[in-house]
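What follows is a short report on a single structure.
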Amino acid sequence: MAVAASAAPGALGTLQASRARLVAACCARLGPRWRLPGSWTCPRVDSTIWARGWTPAAGGAAWQRGYSAEVKTEDELRVRYLEEENRGIVVLGINRAYAKNSLSKNLIKMLSKAVDALKSDKKVRTIIVRSEVPGIFCAGADLKERAKMSSSEVGPFVSKIRAMINEIANLPVPTIAAIDGLALGGGLELALACDIRVAASSAKMGLVETKLAIIPGGGGTQRLPRAIGMSLAKELIFSARVLDGQEAKSVGLISHVLEQNQEGDAAYRKALDLAREFLPQGPVAMRVAKLAINQGMEVDLVTGLAIEEACYAQTIPTKDRLEGLLAFKEKRTPRYKGE
């Protein structure tokens, strides 16, 4: 009994140390110079972490009212900074109509480049991933391109898809997938990496890889169970079943389902409405809240609460917090700067 009693404190100490490391790792993702509360220490944040921006190339005609000039890039991916009342919203529009928006080497490269630029842009508040092609979100990997690869090339290519999807999942700001059409395989995995998914009732979604004698390789085996539960995720992956928007909503795969409109962009319009709801909130708080939720879901409750405490502490010294209190006192809308 004495041995057991003496071992227990050691085990508890190991557990506490492990939790401390998890919380410290969580805070490290916020960038340099952050400080943890209590006995956990980590450098404080430097305001420049929010100030490193990426400015799109000037020029080009506006797509429609409310859009800025389009970034100069290849047409397969259109990156737009919205303007006017939508300032702070960025739209990633996939545009490979001839290949049903399938994920090619080139598209993966462009998505990674765009995400890398967006993740450190202070001006970005919310990112919407959508399709520019009616009736299609993303049909998954480009199988015609895949058929030309040798066996030794397939693994590294799938790793690049997985890395790109992980980059989207790790974006510090809210992300919304607007599914107005077909989202199969890697296309659904791309949507699963987003914080919120909305879809038209006519959309079709599924992880269908087992039909091709493979498995989801872009995070689907991990993110789908976390979204809808393990048993149902297994059922959908084992059967390669495809769901429509209503079915996807009923199992919790998406948050909102809309009847498709004549323009074919009902999900995108809903995503834009949600993004507008996010815009007035404190930018630092939004980023830290996302981190606290994401990291907390991967650990036990006690460690998750410690992560929340650490993240909350980062909002206390910000100018935005003081502005929020002052605006409340003065009965006006707060003017947050992300500082």
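Letters for chains follow the order of the structure tokens (A, B, ...), residue numbers begin at 1 for each chain, and ligand numbers begin at 1 in the order shown.
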Residue list (helix (DSSP H, G or I), DSSP) for stretch 68-258 of chain A, as a PDB file with N, CA and C atoms, in the first residue's frame:
ATOM      1  N   GLU A  84     -16.079  47.269 -48.667  1.00  0.00           N
ATOM      2  CA  GLU A  84     -17.249  47.956 -48.119  1.00  0.00           C
ATOM      3  C   GLU A  84     -17.694  47.287 -46.822  1.00  0.00           C
ATOM      4  N   GLU A  85     -18.966  46.947 -46.695  1.00  0.00           N
ATOM      5  CA  GLU A  85     -19.457  46.389 -45.429  1.00  0.00           C
ATOM      6  C   GLU A  85     -18.922  44.977 -45.176  1.00  0.00           C
ATOM      7  N   ASN A  86     -18.313  44.375 -46.199  1.00  0.00           N
ATOM      8  CA  ASN A  86     -17.762  43.027 -46.061  1.00  0.00           C
ATOM      9  C   ASN A  86     -16.248  43.026 -45.864  1.00  0.00           C
ATOM     10  N   ALA A  97     -13.456  24.201 -63.725  1.00  0.00           N
ATOM     11  CA  ALA A  97     -14.715  23.662 -64.239  1.00  0.00           C
ATOM     12  C   ALA A  97     -14.504  22.410 -65.088  1.00  0.00           C
ATOM     13  N   TYR A  98     -13.456  22.422 -65.902  1.00  0.00           N
ATOM     14  CA  TYR A  98     -13.240  21.302 -66.827  1.00  0.00           C
ATOM     15  C   TYR A  98     -12.895  20.010 -66.087  1.00  0.00           C
ATOM     16  N   ALA A  99     -12.484  20.117 -64.829  1.00  0.00           N
ATOM     17  CA  ALA A  99     -12.098  18.938 -64.048  1.00  0.00           C
ATOM     18  C   ALA A  99     -12.925  18.819 -62.773  1.00  0.00           C
ATOM     19  N   LYS A 105      -2.095  18.827 -58.752  1.00  0.00           N
ATOM     20  CA  LYS A 105      -0.838  19.308 -58.168  1.00  0.00           C
ATOM     21  C   LYS A 105      -0.804  20.831 -58.175  1.00  0.00           C
ATOM     22  N   ASN A 106      -1.234  21.410 -59.271  1.00  0.00           N
ATOM     23  CA  ASN A 106      -1.187  22.863 -59.400  1.00  0.00           C
ATOM     24  C   ASN A 106      -2.161  23.544 -58.444  1.00  0.00           C
ATOM     25  N   LEU A 107      -3.378  23.016 -58.333  1.00  0.00           N
ATOM     26  CA  LEU A 107      -4.366  23.617 -57.434  1.00  0.00           C
ATOM     27  C   LEU A 107      -3.921  23.492 -55.975  1.00  0.00           C
ATOM     28  N   ILE A 108      -3.350  22.355 -55.608  1.00  0.00           N
ATOM     29  CA  ILE A 108      -2.838  22.178 -54.249  1.00  0.00           C
ATOM     30  C   ILE A 108      -1.766  23.225 -53.953  1.00  0.00           C
ATOM     31  N   LYS A 109      -0.893  23.437 -54.912  1.00  0.00           N
ATOM     32  CA  LYS A 109       0.179  24.426 -54.745  1.00  0.00           C
ATOM     33  C   LYS A 109      -0.396  25.823 -54.556  1.00  0.00           C
ATOM     34  N   MET A 110      -1.408  26.181 -55.352  1.00  0.00           N
ATOM     35  CA  MET A 110      -2.005  27.509 -55.256  1.00  0.00           C
ATOM     36  C   MET A 110      -2.752  27.689 -53.944  1.00  0.00           C
ATOM     37  N   LEU A 111      -3.480  26.660 -53.509  1.00  0.00           N
ATOM     38  CA  LEU A 111      -4.189  26.750 -52.238  1.00  0.00           C
ATOM     39  C   LEU A 111      -3.211  26.928 -51.077  1.00  0.00           C
ATOM     40  N   SER A 112      -2.117  26.179 -51.099  1.00  0.00           N
ATOM     41  CA  SER A 112      -1.115  26.289 -50.032  1.00  0.00           C
ATOM     42  C   SER A 112      -0.506  27.683 -50.005  1.00  0.00           C
ATOM     43  N   LYS A 113      -0.221  28.227 -51.177  1.00  0.00           N
ATOM     44  CA  LYS A 113       0.363  29.563 -51.265  1.00  0.00           C
ATOM     45  C   LYS A 113      -0.612  30.615 -50.731  1.00  0.00           C
ATOM     46  N   ALA A 114      -1.886  30.492 -51.103  1.00  0.00           N
ATOM     47  CA  ALA A 114      -2.892  31.452 -50.647  1.00  0.00           C
ATOM     48  C   ALA A 114      -3.079  31.375 -49.133  1.00  0.00           C
ATOM     49  N   VAL A 115      -3.161  30.160 -48.598  1.00  0.00           N
ATOM     50  CA  VAL A 115      -3.352  29.982 -47.160  1.00  0.00           C
ATOM     51  C   VAL A 115      -2.153  30.506 -46.386  1.00  0.00           C
ATOM     52  N   ASP A 116      -0.958  30.270 -46.914  1.00  0.00           N
ATOM     53  CA  ASP A 116       0.248  30.752 -46.244  1.00  0.00           C
ATOM     54  C   ASP A 116       0.244  32.271 -46.129  1.00  0.00           C
ATOM     55  N   ALA A 117      -0.263  32.940 -47.168  1.00  0.00           N
ATOM     56  CA  ALA A 117      -0.333  34.397 -47.137  1.00  0.00           C
ATOM     57  C   ALA A 117      -1.417  34.892 -46.184  1.00  0.00           C
ATOM     58  N   LEU A 118      -2.544  34.199 -46.153  1.00  0.00           N
ATOM     59  CA  LEU A 118      -3.679  34.646 -45.353  1.00  0.00           C
ATOM     60  C   LEU A 118      -3.480  34.457 -43.851  1.00  0.00           C
ATOM     61  N   LEU A 143      -8.306  12.341 -60.523  1.00  0.00           N
ATOM     62  CA  LEU A 143      -7.993  10.933 -60.781  1.00  0.00           C
ATOM     63  C   LEU A 143      -7.318  10.720 -62.128  1.00  0.00           C
ATOM     64  N   LYS A 144      -7.563  11.605 -63.080  1.00  0.00           N
ATOM     65  CA  LYS A 144      -6.859  11.492 -64.364  1.00  0.00           C
ATOM     66  C   LYS A 144      -5.376  11.767 -64.175  1.00  0.00           C
ATOM     67  N   GLU A 145      -5.075  12.753 -63.360  1.00  0.00           N
ATOM     68  CA  GLU A 145      -3.683  13.044 -63.046  1.00  0.00           C
ATOM     69  C   GLU A 145      -3.090  11.920 -62.210  1.00  0.00           C
ATOM     70  N   ARG A 146      -3.880  11.401 -61.262  1.00  0.00           N
ATOM     71  CA  ARG A 146      -3.431  10.321 -60.383  1.00  0.00           C
ATOM     72  C   ARG A 146      -3.087   9.062 -61.187  1.00  0.00           C
ATOM     73  N   ALA A 147      -3.875   8.780 -62.233  1.00  0.00           N
ATOM     74  CA  ALA A 147      -3.657   7.574 -63.031  1.00  0.00           C
ATOM     75  C   ALA A 147      -2.302   7.584 -63.734  1.00  0.00           C
ATOM     76  N   SER A 151       3.414   4.307 -58.493  1.00  0.00           N
ATOM     77  CA  SER A 151       3.061   3.992 -57.107  1.00  0.00           C
ATOM     78  C   SER A 151       3.891   4.808 -56.128  1.00  0.00           C
ATOM     79  N   SER A 152       5.139   5.072 -56.478  1.00  0.00           N
ATOM     80  CA  SER A 152       6.016   5.825 -55.581  1.00  0.00           C
ATOM     81  C   SER A 152       5.653   7.304 -55.515  1.00  0.00           C
ATOM     82  N   GLU A 153       4.889   7.797 -56.489  1.00  0.00           N
ATOM     83  CA  GLU A 153       4.498   9.205 -56.512  1.00  0.00           C
ATOM     84  C   GLU A 153       3.195   9.460 -55.762  1.00  0.00           C
ATOM     85  N   VAL A 154       2.361   8.419 -55.643  1.00  0.00           N
ATOM     86  CA  VAL A 154       1.036   8.613 -55.056  1.00  0.00           C
ATOM     87  C   VAL A 154       1.118   9.041 -53.593  1.00  0.00           C
ATOM     88  N   GLY A 155       1.929   8.354 -52.797  1.00  0.00           N
ATOM     89  CA  GLY A 155       2.042   8.667 -51.372  1.00  0.00           C
ATOM     90  C   GLY A 155       2.448  10.106 -51.105  1.00  0.00           C
ATOM     91  N   PRO A 156       3.529  10.600 -51.730  1.00  0.00           N
ATOM     92  CA  PRO A 156       3.931  12.000 -51.528  1.00  0.00           C
ATOM     93  C   PRO A 156       2.873  12.992 -51.978  1.00  0.00           C
ATOM     94  N   PHE A 157       2.130  12.675 -53.053  1.00  0.00           N
ATOM     95  CA  PHE A 157       1.087  13.587 -53.515  1.00  0.00           C
ATOM     96  C   PHE A 157      -0.052  13.673 -52.499  1.00  0.00           C
ATOM     97  N   VAL A 158      -0.469  12.514 -51.974  1.00  0.00           N
ATOM     98  CA  VAL A 158      -1.535  12.510 -50.965  1.00  0.00           C
ATOM     99  C   VAL A 158      -1.063  13.258 -49.715  1.00  0.00           C
ATOM    100  N   SER A 159       0.208  13.131 -49.392  1.00  0.00           N
ATOM    101  CA  SER A 159       0.755  13.860 -48.243  1.00  0.00           C
ATOM    102  C   SER A 159       0.648  15.364 -48.446  1.00  0.00           C
ATOM    103  N   LYS A 160       0.839  15.820 -49.680  1.00  0.00           N
ATOM    104  CA  LYS A 160       0.707  17.252 -49.982  1.00  0.00           C
ATOM    105  C   LYS A 160      -0.745  17.711 -49.840  1.00  0.00           C
ATOM    106  N   ILE A 161      -1.676  16.863 -50.270  1.00  0.00           N
ATOM    107  CA  ILE A 161      -3.097  17.195 -50.089  1.00  0.00           C
ATOM    108  C   ILE A 161      -3.409  17.289 -48.600  1.00  0.00           C
ATOM    109  N   ARG A 162      -2.941  16.315 -47.828  1.00  0.00           N
ATOM    110  CA  ARG A 162      -3.197  16.302 -46.394  1.00  0.00           C
ATOM    111  C   ARG A 162      -2.588  17.538 -45.719  1.00  0.00           C
ATOM    112  N   ALA A 163      -1.380  17.892 -46.123  1.00  0.00           N
ATOM    113  CA  ALA A 163      -0.713  19.059 -45.536  1.00  0.00           C
ATOM    114  C   ALA A 163      -1.471  20.336 -45.845  1.00  0.00           C
ATOM    115  N   MET A 164      -1.962  20.468 -47.083  1.00  0.00           N
ATOM    116  CA  MET A 164      -2.715  21.662 -47.471  1.00  0.00           C
ATOM    117  C   MET A 164      -4.018  21.766 -46.679  1.00  0.00           C
ATOM    118  N   ILE A 165      -4.712  20.640 -46.537  1.00  0.00           N
ATOM    119  CA  ILE A 165      -5.964  20.630 -45.777  1.00  0.00           C
ATOM    120  C   ILE A 165      -5.699  20.943 -44.310  1.00  0.00           C
ATOM    121  N   ASN A 166      -4.601  20.424 -43.776  1.00  0.00           N
ATOM    122  CA  ASN A 166      -4.233  20.757 -42.400  1.00  0.00           C
ATOM    123  C   ASN A 166      -3.945  22.242 -42.243  1.00  0.00           C
ATOM    124  N   GLU A 167      -3.324  22.846 -43.251  1.00  0.00           N
ATOM    125  CA  GLU A 167      -3.046  24.285 -43.210  1.00  0.00           C
ATOM    126  C   GLU A 167      -4.349  25.080 -43.125  1.00  0.00           C
ATOM    127  N   ILE A 168      -5.358  24.636 -43.849  1.00  0.00           N
ATOM    128  CA  ILE A 168      -6.660  25.307 -43.787  1.00  0.00           C
ATOM    129  C   ILE A 168      -7.275  25.118 -42.395  1.00  0.00           C
ATOM    130  N   ALA A 169      -7.183  23.903 -41.861  1.00  0.00           N
ATOM    131  CA  ALA A 169      -7.722  23.644 -40.525  1.00  0.00           C
ATOM    132  C   ALA A 169      -7.031  24.488 -39.462  1.00  0.00           C
ATOM    133  N   GLY A 186     -11.739  14.044 -51.354  1.00  0.00           N
ATOM    134  CA  GLY A 186     -10.932  15.166 -50.893  1.00  0.00           C
ATOM    135  C   GLY A 186     -11.688  16.477 -50.843  1.00  0.00           C
ATOM    136  N   GLY A 187     -12.744  16.599 -51.634  1.00  0.00           N
ATOM    137  CA  GLY A 187     -13.564  17.806 -51.588  1.00  0.00           C
ATOM    138  C   GLY A 187     -14.296  17.930 -50.263  1.00  0.00           C
ATOM    139  N   LEU A 188     -14.830  16.815 -49.773  1.00  0.00           N
ATOM    140  CA  LEU A 188     -15.478  16.844 -48.462  1.00  0.00           C
ATOM    141  C   LEU A 188     -14.435  16.997 -47.357  1.00  0.00           C
ATOM    142  N   GLU A 189     -13.266  16.397 -47.537  1.00  0.00           N
ATOM    143  CA  GLU A 189     -12.204  16.553 -46.547  1.00  0.00           C
ATOM    144  C   GLU A 189     -11.768  18.014 -46.439  1.00  0.00           C
ATOM    145  N   LEU A 190     -11.745  18.707 -47.565  1.00  0.00           N
ATOM    146  CA  LEU A 190     -11.454  20.140 -47.565  1.00  0.00           C
ATOM    147  C   LEU A 190     -12.503  20.893 -46.756  1.00  0.00           C
ATOM    148  N   ALA A 191     -13.766  20.548 -46.948  1.00  0.00           N
ATOM    149  CA  ALA A 191     -14.852  21.193 -46.203  1.00  0.00           C
ATOM    150  C   ALA A 191     -14.788  20.846 -44.712  1.00  0.00           C
ATOM    151  N   LEU A 192     -14.418  19.607 -44.394  1.00  0.00           N
ATOM    152  CA  LEU A 192     -14.325  19.184 -42.998  1.00  0.00           C
ATOM    153  C   LEU A 192     -13.241  19.943 -42.240  1.00  0.00           C
ATOM    154  N   GLU A 209     -13.945   6.995 -51.037  1.00  0.00           N
ATOM    155  CA  GLU A 209     -12.674   6.392 -51.435  1.00  0.00           C
ATOM    156  C   GLU A 209     -12.683   4.866 -51.438  1.00  0.00           C
ATOM    157  N   THR A 210     -13.466   4.236 -50.535  1.00  0.00           N
ATOM    158  CA  THR A 210     -13.450   2.774 -50.487  1.00  0.00           C
ATOM    159  C   THR A 210     -13.950   2.156 -51.790  1.00  0.00           C
ATOM    160  N   LYS A 211     -14.701   2.915 -52.577  1.00  0.00           N
ATOM    161  CA  LYS A 211     -15.115   2.432 -53.896  1.00  0.00           C
ATOM    162  C   LYS A 211     -13.918   2.227 -54.811  1.00  0.00           C
ATOM    163  N   LEU A 212     -12.841   2.973 -54.530  1.00  0.00           N
ATOM    164  CA  LEU A 212     -11.629   2.885 -55.340  1.00  0.00           C
ATOM    165  C   LEU A 212     -10.566   2.026 -54.663  1.00  0.00           C
ATOM    166  N   GLY A 220      -9.990  12.671 -43.608  1.00  0.00           N
ATOM    167  CA  GLY A 220     -11.385  12.270 -43.477  1.00  0.00           C
ATOM    168  C   GLY A 220     -11.643  11.229 -42.399  1.00  0.00           C
ATOM    169  N   THR A 221     -10.720  10.273 -42.226  1.00  0.00           N
ATOM    170  CA  THR A 221     -10.924   9.243 -41.207  1.00  0.00           C
ATOM    171  C   THR A 221     -10.834   9.812 -39.799  1.00  0.00           C
ATOM    172  N   GLN A 222     -10.276  11.004 -39.659  1.00  0.00           N
ATOM    173  CA  GLN A 222     -10.131  11.626 -38.348  1.00  0.00           C
ATOM    174  C   GLN A 222     -11.161  12.730 -38.108  1.00  0.00           C
ATOM    175  N   ARG A 223     -11.407  13.548 -39.114  1.00  0.00           N
ATOM    176  CA  ARG A 223     -12.310  14.694 -38.906  1.00  0.00           C
ATOM    177  C   ARG A 223     -13.778  14.307 -39.004  1.00  0.00           C
ATOM    178  N   LEU A 224     -14.124  13.347 -39.840  1.00  0.00           N
ATOM    179  CA  LEU A 224     -15.538  12.955 -39.929  1.00  0.00           C
ATOM    180  C   LEU A 224     -16.035  12.359 -38.602  1.00  0.00           C
ATOM    181  N   PRO A 225     -15.310  11.432 -37.955  1.00  0.00           N
ATOM    182  CA  PRO A 225     -15.777  10.949 -36.645  1.00  0.00           C
ATOM    183  C   PRO A 225     -15.887  12.053 -35.603  1.00  0.00           C
ATOM    184  N   ARG A 226     -14.988  13.030 -35.661  1.00  0.00           N
ATOM    185  CA  ARG A 226     -15.052  14.132 -34.703  1.00  0.00           C
ATOM    186  C   ARG A 226     -16.256  15.022 -34.969  1.00  0.00           C
ATOM    187  N   ALA A 227     -16.730  15.023 -36.206  1.00  0.00           N
ATOM    188  CA  ALA A 227     -17.865  15.869 -36.570  1.00  0.00           C
ATOM    189  C   ALA A 227     -19.209  15.200 -36.296  1.00  0.00           C
ATOM    190  N   ILE A 228     -19.312  13.897 -36.584  1.00  0.00           N
ATOM    191  CA  ILE A 228     -20.626  13.242 -36.509  1.00  0.00           C
ATOM    192  C   ILE A 228     -20.640  12.020 -35.605  1.00  0.00           C
ATOM    193  N   MET A 230     -18.176   8.443 -34.124  1.00  0.00           N
ATOM    194  CA  MET A 230     -17.388   7.369 -34.722  1.00  0.00           C
ATOM    195  C   MET A 230     -18.229   6.339 -35.467  1.00  0.00           C
ATOM    196  N   SER A 231     -19.320   5.880 -34.856  1.00  0.00           N
ATOM    197  CA  SER A 231     -20.110   4.809 -35.459  1.00  0.00           C
ATOM    198  C   SER A 231     -20.687   5.225 -36.807  1.00  0.00           C
ATOM    199  N   LEU A 232     -21.288   6.402 -36.853  1.00  0.00           N
ATOM    200  CA  LEU A 232     -21.887   6.869 -38.100  1.00  0.00           C
ATOM    201  C   LEU A 232     -20.818   7.165 -39.146  1.00  0.00           C
ATOM    202  N   ALA A 233     -19.682   7.699 -38.710  1.00  0.00           N
ATOM    203  CA  ALA A 233     -18.592   7.959 -39.652  1.00  0.00           C
ATOM    204  C   ALA A 233     -18.107   6.661 -40.288  1.00  0.00           C
ATOM    205  N   LYS A 234     -17.997   5.622 -39.473  1.00  0.00           N
ATOM    206  CA  LYS A 234     -17.594   4.323 -40.018  1.00  0.00           C
ATOM    207  C   LYS A 234     -18.609   3.827 -41.049  1.00  0.00           C
ATOM    208  N   GLU A 235     -19.878   3.968 -40.707  1.00  0.00           N
ATOM    209  CA  GLU A 235     -20.931   3.524 -41.627  1.00  0.00           C
ATOM    210  C   GLU A 235     -20.823   4.235 -42.968  1.00  0.00           C
ATOM    211  N   LEU A 236     -20.611   5.552 -42.934  1.00  0.00           N
ATOM    212  CA  LEU A 236     -20.548   6.322 -44.179  1.00  0.00           C
ATOM    213  C   LEU A 236     -19.291   6.002 -44.979  1.00  0.00           C
ATOM    214  N   ILE A 237     -18.165   5.820 -44.295  1.00  0.00           N
ATOM    215  CA  ILE A 237     -16.926   5.505 -45.008  1.00  0.00           C
ATOM    216  C   ILE A 237     -16.950   4.077 -45.539  1.00  0.00           C
ATOM    217  N   PHE A 238     -17.436   3.127 -44.739  1.00  0.00           N
ATOM    218  CA  PHE A 238     -17.497   1.731 -45.187  1.00  0.00           C
ATOM    219  C   PHE A 238     -18.417   1.567 -46.395  1.00  0.00           C
ATOM    220  N   SER A 239     -19.501   2.332 -46.420  1.00  0.00           N
ATOM    221  CA  SER A 239     -20.494   2.194 -47.502  1.00  0.00           C
ATOM    222  C   SER A 239     -20.226   3.122 -48.669  1.00  0.00           C
ATOM    223  N   GLY A 245     -27.992  17.505 -48.981  1.00  0.00           N
ATOM    224  CA  GLY A 245     -27.882  18.535 -47.964  1.00  0.00           C
ATOM    225  C   GLY A 245     -28.733  18.274 -46.736  1.00  0.00           C
ATOM    226  N   GLN A 246     -29.969  17.840 -46.943  1.00  0.00           N
ATOM    227  CA  GLN A 246     -30.853  17.571 -45.805  1.00  0.00           C
ATOM    228  C   GLN A 246     -30.326  16.426 -44.952  1.00  0.00           C
ATOM    229  N   GLU A 247     -29.850  15.370 -45.607  1.00  0.00           N
ATOM    230  CA  GLU A 247     -29.299  14.232 -44.867  1.00  0.00           C
ATOM    231  C   GLU A 247     -28.040  14.634 -44.105  1.00  0.00           C
ATOM    232  N   ALA A 248     -27.214  15.452 -44.745  1.00  0.00           N
ATOM    233  CA  ALA A 248     -25.985  15.914 -44.092  1.00  0.00           C
ATOM    234  C   ALA A 248     -26.297  16.746 -42.861  1.00  0.00           C
ATOM    235  N   LYS A 249     -27.344  17.562 -42.949  1.00  0.00           N
ATOM    236  CA  LYS A 249     -27.756  18.368 -41.801  1.00  0.00           C
ATOM    237  C   LYS A 249     -28.276  17.476 -40.677  1.00  0.00           C
ATOM    238  N   SER A 250     -29.008  16.439 -41.026  1.00  0.00           N
ATOM    239  CA  SER A 250     -29.618  15.579 -40.009  1.00  0.00           C
ATOM    240  C   SER A 250     -28.576  14.804 -39.209  1.00  0.00           C
TER     241      SER A 250
END
Could you give me the residues within stretch 211-318 of chain A that DSSP places in strand (DSSP E), as a PDB file with all heavy atoms, in the first residue's frame?
ATOM      1  N   LEU A 243     -24.501  11.704 -49.279  1.00  0.00           N
ATOM      2  CA  LEU A 243     -25.649  12.351 -48.645  1.00  0.00           C
ATOM      3  C   LEU A 243     -26.019  13.629 -49.378  1.00  0.00           C
ATOM      4  O   LEU A 243     -25.139  14.324 -49.908  1.00  0.00           O
ATOM      5  CB  LEU A 243     -25.319  12.704 -47.190  1.00  0.00           C
ATOM      6  CG  LEU A 243     -24.797  11.597 -46.283  1.00  0.00           C
ATOM      7  CD1 LEU A 243     -24.494  12.164 -44.894  1.00  0.00           C
ATOM      8  CD2 LEU A 243     -25.796  10.448 -46.184  1.00  0.00           C
ATOM      9  N   ASP A 244     -27.308  13.962 -49.375  1.00  0.00           N
ATOM     10  CA  ASP A 244     -27.700  15.275 -49.875  1.00  0.00           C
ATOM     11  C   ASP A 244     -27.663  16.264 -48.710  1.00  0.00           C
ATOM     12  O   ASP A 244     -27.332  15.907 -47.572  1.00  0.00           O
ATOM     13  CB  ASP A 244     -29.076  15.236 -50.548  1.00  0.00           C
ATOM     14  CG  ASP A 244     -30.214  14.837 -49.606  1.00  0.00           C
ATOM     15  OD1 ASP A 244     -30.098  15.064 -48.379  1.00  0.00           O
ATOM     16  OD2 ASP A 244     -31.234  14.318 -50.095  1.00  0.00           O
ATOM     17  N   HIS A 256     -25.980  24.332 -41.538  1.00  0.00           N
ATOM     18  CA  HIS A 256     -27.158  24.948 -42.148  1.00  0.00           C
ATOM     19  C   HIS A 256     -27.376  24.333 -43.531  1.00  0.00           C
ATOM     20  O   HIS A 256     -26.420  24.045 -44.248  1.00  0.00           O
ATOM     21  CB  HIS A 256     -26.979  26.462 -42.308  1.00  0.00           C
ATOM     22  CG  HIS A 256     -26.695  27.179 -41.026  1.00  0.00           C
ATOM     23  ND1 HIS A 256     -27.689  27.600 -40.173  1.00  0.00           N
ATOM     24  CD2 HIS A 256     -25.520  27.529 -40.440  1.00  0.00           C
ATOM     25  CE1 HIS A 256     -27.147  28.193 -39.122  1.00  0.00           C
ATOM     26  NE2 HIS A 256     -25.828  28.166 -39.254  1.00  0.00           N
ATOM     27  N   VAL A 257     -28.648  24.134 -43.889  1.00  0.00           N
ATOM     28  CA  VAL A 257     -28.998  23.661 -45.225  1.00  0.00           C
ATOM     29  C   VAL A 257     -29.994  24.638 -45.822  1.00  0.00           C
ATOM     30  O   VAL A 257     -30.916  25.099 -45.140  1.00  0.00           O
ATOM     31  CB  VAL A 257     -29.560  22.220 -45.194  1.00  0.00           C
ATOM     32  CG1 VAL A 257     -30.823  22.133 -44.333  1.00  0.00           C
ATOM     33  CG2 VAL A 257     -29.826  21.722 -46.610  1.00  0.00           C
ATOM     34  N   LEU A 258     -29.789  24.995 -47.087  1.00  0.00           N
ATOM     35  CA  LEU A 258     -30.635  25.983 -47.772  1.00  0.00           C
ATOM     36  C   LEU A 258     -31.172  25.398 -49.063  1.00  0.00           C
ATOM     37  O   LEU A 258     -30.505  24.603 -49.728  1.00  0.00           O
ATOM     38  CB  LEU A 258     -29.836  27.259 -48.130  1.00  0.00           C
ATOM     39  CG  LEU A 258     -29.123  28.081 -47.053  1.00  0.00           C
ATOM     40  CD1 LEU A 258     -30.045  28.423 -45.910  1.00  0.00           C
ATOM     41  CD2 LEU A 258     -27.848  27.430 -46.584  1.00  0.00           C
TER      42      LEU A 258
END
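Near A:Asn294, within 12 Å and counting only C-alpha atoms, sit Cys26, Arg29, Ala169, Asn170, Leu171, Pro172, Val173, Pro174, Ala193, Cys194, Asp195, Arg223, Arg226, Arg287, Val288, Gly304, Ile307, Glu308 and Cys311 of chain A, not including residues fewer than 6 positions from it in the same chain.
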Self-check item: Given only C-alpha atoms as the counted atoms, nearest of A:Leu291, A:Met205, A:Ala275, A:Ala213 to A:Ile89
Solution: A:Ala275
Exercise. In Å, rounded to a single decimal, give me how far atom CA of A:Asp180 is from atom CA of A:Pro134.
Key: 7.5 Å
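With only C-alpha atoms as the basis for measurement, A:Tyr336 is the residue among A:Ala313, A:Val124, A:Ile215, A:Tyr336 that approaches A:Pro280 most closely.
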Quiz item: Using only C-alpha atoms, which of A:Thr126, A:Ile196, A:Lys100, A:Lys290 sits nearest A:Arg276?
Solution: A:Thr126
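For the pair atom CA of A:Val129 and atom CA of A:Glu259, the separation is 19.1 Å.
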Quiz item: How many Å lie between atom CA of A:Gly181 and atom CA of A:Leu82, rounded to one decimal?
Solution: 22.7 Å
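Residues in contact with A:Val284 at 8 Å, where only C-alpha atoms are counted and same-chain residues fewer than 5 positions away are skipped, are listed as A:Thr315, A:Asp320, A:Gly338, A:Glu339.
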Take the residues from that selection and write them out as a short mmCIF file (atom, residue, chain, number, x, y, z; two decimals), in the first residue's frame, keeping N, CA and C atoms.
data_model
loop_
_atom_site.label_atom_id
_atom_site.label_comp_id
_atom_site.auth_asym_id
_atom_site.auth_seq_id
_atom_site.Cartn_x
_atom_site.Cartn_y
_atom_site.Cartn_z
N THR A 315 -6.28 37.76 -23.64
CA THR A 315 -7.18 38.87 -24.01
C THR A 315 -7.14 39.99 -22.98
N ASP A 320 -8.13 46.07 -27.28
CA ASP A 320 -9.51 45.76 -27.69
C ASP A 320 -10.41 45.51 -26.48
N GLY A 338 -7.72 44.83 -33.31
CA GLY A 338 -6.91 43.63 -33.26
C GLY A 338 -5.64 43.81 -32.48
N GLU A 339 -5.69 44.67 -31.46
CA GLU A 339 -4.51 44.95 -30.64
C GLU A 339 -4.80 44.71 -29.16
#
